[in-house]
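Undergrad: Please see the structure below; I have some questions.
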Amino acid sequence: QIGCNWQLNNSWVVGFETDFQGSAEKHSRALSDPFSFVDGEGIGTGVLTQSLEAKIKWFGTVRGRAGFLVTPTIMVYGTGGLAYGRTSLTDTISISAPVPSTATFSSSKTRVGWTAGAGVEGALFNWNNWTWKLEYLYVDLGSRSGAGVDPLIGNYSWNAKFTDNIARVGLNYKFR
């Protein structure tokens with residue numbers, strides 16, 4: 001992360017910061033649905049399975065910040081702005097009968113969204129240039145959805161949201 005702050009008076013601080021980080025966040029969902037069909041041999045059964053995996057590979061933010069000094073060395077602040085990140089989505093649908101088949105859709109895309117959060121930052125002991133911070137951020141990179149029609153099973157659909165809740169501890173060095 002890197003940023004800049006300006007102290008407006010004895011109580012208020014404004015600034016901006018940007019950060020960038022790798023992510024191993026992923027979420028997967030699977031479903032299995034039995035079905036019946038009629039063919040030349042009579043009534044048969046099969047199973048439809050679908051697995052959907054959504055990942056955030058990396059993300060960054062560019063945020064404004066406004067804070068209030070509750071003491072001369074401790075500030076509470078709110079922050080918000082732009083979020084961006086690389087997301088990937090893989091959807092696999094399989095049917096077991098009458099003709100076993102599998103179809104896979106995969107996509108990777110850099111997405112733009114928004115972020116908002118809050119935190120507290122304070123001087124670290126008597127070291128003038130060092131501060132600590134506790135921060136919470138919500139990141140929303142939007143969602144993706146799709147639908148299709150299979151002649152055997154009919155309509156199907158999927159939806160994936162790319163969001164993150166981040167709690168972090170930080171150590172900052174102030175260049176003056």
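For the structure tokens, the naming scheme is as follows: chains receive sequential letters (A, B, ...) according to their order of presentation, residues are indexed from 1 within each chain, and ligands are indexed from 1 in presentation order.
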Which residues of region 96-150 of chain A have any atom within 12 Å of an atom in region 158-165 of chain A when counting only C-alpha atoms, and what is the closest pair of atoms for each, with the distance in Å to one decimal? Order the rows by chain and rising number and write it as a tab-separated table.

TA:
residue	atom	partner	partner_atom	distance
A:Phe105	CA	A:Trp158	CA	11.3
A:Lys109	CA	A:Phe162	CA	11.5
A:Thr110	CA	A:Phe162	CA	11.4
A:Arg111	CA	A:Phe162	CA	9.3
A:Val112	CA	A:Phe162	CA	10.6
A:Gly113	CA	A:Thr163	CA	9.5
A:Trp114	CA	A:Thr163	CA	9.8
A:Thr115	CA	A:Asp164	CA	9.4
A:Ala116	CA	A:Asn165	CA	10.1
A:Gly117	CA	A:Asn165	CA	9.5
A:Ala118	CA	A:Asn165	CA	11.9
A:Glu135	CA	A:Asn165	CA	10.7
A:Tyr136	CA	A:Asn165	CA	7.4
A:Leu137	CA	A:Asn165	CA	6.0
A:Tyr138	CA	A:Asn165	CA	4.7
A:Val139	CA	A:Asp164	CA	5.1
A:Asp140	CA	A:Thr163	CA	4.4
A:Leu141	CA	A:Phe162	CA	5.2
A:Gly142	CA	A:Phe162	CA	5.6
A:Ser143	CA	A:Lys161	CA	4.1
A:Arg144	CA	A:Ala160	CA	5.3
A:Ser145	CA	A:Asn159	CA	4.1
A:Gly146	CA	A:Trp158	CA	5.4
A:Ala147	CA	A:Trp158	CA	6.3
A:Gly148	CA	A:Trp158	CA	9.3

Undergrad: I want to know what sits within 9 Å of Trp12 (chain A), based on only C-alpha atoms, with residues of the same chain fewer than 4 positions away left out; could you give that as a ChimeraX atom specification?

TA: /A:6-8,66-69,75

Undergrad: Those same residues, written as a CSV table (one decimal), in the first residue's frame with C-alpha atoms?

TA:
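File written: part_24.csv
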chain,number,residue,atom,x,y,z
A,6,TRP,CA,-3.1,15.9,5.0
A,7,GLN,CA,-4.0,17.1,8.5
A,8,LEU,CA,-6.6,19.9,8.0
A,66,ALA,CA,-11.3,10.9,5.9
A,67,GLY,CA,-10.5,10.6,9.6
A,68,PHE,CA,-11.1,12.2,12.9
A,69,LEU,CA,-8.4,12.4,15.6
A,75,MET,CA,-7.4,8.4,14.3

Undergrad: Excluding Val62 (chain A) and any residue of its chain fewer than 2 positions from it, enumerate the residues within 7 Å of it, using only C-alpha atoms, and give them as a PyMOL selection string.

TA: chain A and resi 17-19+81-83

Undergrad: Measuring between only C-alpha atoms, which one of A:Asn128, A:Ser94, A:Ser28, A:Thr87 shows the shortest distance to Gly46 (chain A)?

TA: A:Ser94

Undergrad: Would you pick out the contacts of Arg65 (chain A) at 7 Å or less, using only C-alpha atoms, so that residues sharing its chain but fewer than 4 positions from it are not included, and give the list as a ChimeraX atom specification?

TA: /A:14-16,77-80

Undergrad: Which residues are near Val169 (chain A)? Cut-off 9 Å, only C-alpha atoms, ignore same chain within fewer than 2 positions. Put them as a list in words.

TA: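 In the requested form, the answer reads Trp132, Lys133, Leu134, Glu135, Ala167 and Leu171 of chain A.
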
Undergrad: Could those residues be written to a file, using N, CA and C atoms, as a JSON list (two decimals), in the first residue's frame?

TA:
[["chain", "number", "residue", "atom", "x", "y", "z"],
["A", 132, "TRP", "N", 0.49, 2.14, 13.30],
["A", 132, "TRP", "CA", -0.19, 0.85, 13.19],
["A", 132, "TRP", "C", -1.61, 1.13, 12.71],
["A", 133, "LYS", "N", -2.26, 0.13, 12.14],
["A", 133, "LYS", "CA", -3.67, 0.32, 11.78],
["A", 133, "LYS", "C", -4.40, -1.01, 11.79],
["A", 134, "LEU", "N", -5.70, -0.93, 12.11],
["A", 134, "LEU", "CA", -6.65, -2.03, 11.99],
["A", 134, "LEU", "C", -7.69, -1.54, 11.00],
["A", 135, "GLU", "N", -8.00, -2.36, 10.00],
["A", 135, "GLU", "CA", -8.88, -1.89, 8.93],
["A", 135, "GLU", "C", -9.81, -3.00, 8.47],
["A", 167, "ALA", "N", -10.35, -8.10, 6.74],
["A", 167, "ALA", "CA", -9.91, -7.49, 7.99],
["A", 167, "ALA", "C", -8.39, -7.59, 7.99],
["A", 171, "LEU", "N", 1.18, -1.95, 9.30],
["A", 171, "LEU", "CA", 2.27, -1.17, 9.87],
["A", 171, "LEU", "C", 2.71, -0.22, 8.77]]

Undergrad: Find, counting only C-alpha atoms, the residue in A:Phe125, A:Val149, A:Arg29, A:Val47 that gets nearest to Pro100 (chain A).

TA: A:Val47

Undergrad: In Å, with one decimal, what is the gap from CA of Trp58 (chain A) to CA of Asn172 (chain A)?

TA: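 Between CA of Trp58 (chain A) and CA of Asn172 (chain A) the gap works out to 21.7 Å.
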
Undergrad: I'd like the interatomic distance between CA of Ser88 (chain A) and CA of Ser106 (chain A), to a tenth of an Å.

TA: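 Computing the Euclidean distance for CA of Ser88 (chain A) and CA of Ser106 (chain A) yields 7.4 Å.
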
Undergrad: Using only C-alpha atoms, which protein or nucleic acid residues come within 8 Å of Phe59 (chain A)? Drop anything in the same chain fewer than 6 positions from it, and give the result as a list of chain:residue names.

TA: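 Everything that qualifies: A:Phe20, A:Gln21, A:Gly22, A:Ser23, A:Ala83, A:Tyr84, A:Gly85, A:Arg86.
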
Undergrad: Atoms to include: all heavy atoms. Write the selected residues as a compact mmCIF listing (two decimals), in the first residue's frame.

TA:
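What ended up in out-v9.txt:
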# COMPACT_ATOMS: atom_id res chain seq x y z
N PHE A 20 -2.42 -3.18 -3.43
CA PHE A 20 -2.49 -4.28 -4.39
C PHE A 20 -2.07 -5.55 -3.66
O PHE A 20 -1.11 -5.52 -2.89
CB PHE A 20 -1.54 -4.01 -5.56
CG PHE A 20 -1.60 -5.08 -6.62
CD1 PHE A 20 -2.58 -5.03 -7.59
CD2 PHE A 20 -0.71 -6.12 -6.62
CE1 PHE A 20 -2.65 -6.02 -8.57
CE2 PHE A 20 -0.77 -7.11 -7.59
CZ PHE A 20 -1.74 -7.05 -8.57
N GLN A 21 -2.80 -6.64 -3.86
CA GLN A 21 -2.46 -7.89 -3.20
C GLN A 21 -2.91 -9.10 -4.02
O GLN A 21 -3.88 -9.02 -4.77
CB GLN A 21 -3.06 -7.99 -1.80
CG GLN A 21 -4.51 -7.66 -1.67
CD GLN A 21 -4.74 -6.19 -1.39
OE1 GLN A 21 -4.11 -5.61 -0.54
NE2 GLN A 21 -5.63 -5.58 -2.11
N GLY A 22 -2.21 -10.19 -3.82
CA GLY A 22 -2.62 -11.46 -4.38
C GLY A 22 -3.73 -12.05 -3.53
O GLY A 22 -3.92 -11.66 -2.37
N SER A 23 -4.48 -12.97 -4.09
CA SER A 23 -5.59 -13.57 -3.35
C SER A 23 -5.72 -15.03 -3.74
O SER A 23 -5.56 -15.39 -4.90
CB SER A 23 -6.89 -12.83 -3.67
OG SER A 23 -7.99 -13.47 -3.08
N ALA A 83 -12.31 -0.40 -6.81
CA ALA A 83 -11.66 -1.70 -6.65
C ALA A 83 -11.51 -2.32 -8.04
O ALA A 83 -12.33 -2.09 -8.92
CB ALA A 83 -12.47 -2.61 -5.75
N TYR A 84 -10.47 -3.10 -8.23
CA TYR A 84 -10.26 -3.80 -9.49
C TYR A 84 -9.61 -5.14 -9.17
O TYR A 84 -8.95 -5.28 -8.13
CB TYR A 84 -9.39 -2.98 -10.45
CG TYR A 84 -8.04 -2.63 -9.88
CD1 TYR A 84 -6.93 -3.43 -10.16
CD2 TYR A 84 -7.86 -1.52 -9.06
CE1 TYR A 84 -5.68 -3.12 -9.63
CE2 TYR A 84 -6.63 -1.22 -8.51
CZ TYR A 84 -5.54 -2.01 -8.80
OH TYR A 84 -4.32 -1.71 -8.26
N GLY A 85 -9.83 -6.14 -10.01
CA GLY A 85 -9.23 -7.43 -9.72
C GLY A 85 -9.43 -8.42 -10.85
O GLY A 85 -10.27 -8.24 -11.73
N ARG A 86 -8.63 -9.47 -10.80
CA ARG A 86 -8.70 -10.54 -11.79
C ARG A 86 -9.54 -11.67 -11.22
O ARG A 86 -9.25 -12.19 -10.14
CB ARG A 86 -7.30 -11.05 -12.11
CG ARG A 86 -7.24 -12.06 -13.22
CD ARG A 86 -7.48 -11.38 -14.53
NE ARG A 86 -7.22 -12.29 -15.64
CZ ARG A 86 -7.36 -11.93 -16.89
NH1 ARG A 86 -7.74 -10.71 -17.20
NH2 ARG A 86 -7.12 -12.78 -17.84

Undergrad: Would you please work out which residue, of A:Asp33, A:Lys26, A:Pro72, A:Thr61, is nearest to Asn9 (chain A) when using only C-alpha atoms?

TA: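 Nearest candidate to Asn9 (chain A) out of A:Asp33, A:Lys26, A:Pro72, A:Thr61: A:Pro72.
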
Undergrad: One number please: CA of Gly64 (chain A) to CA of Ser108 (chain A), in Å, one decimal.

TA: 28.5 Å
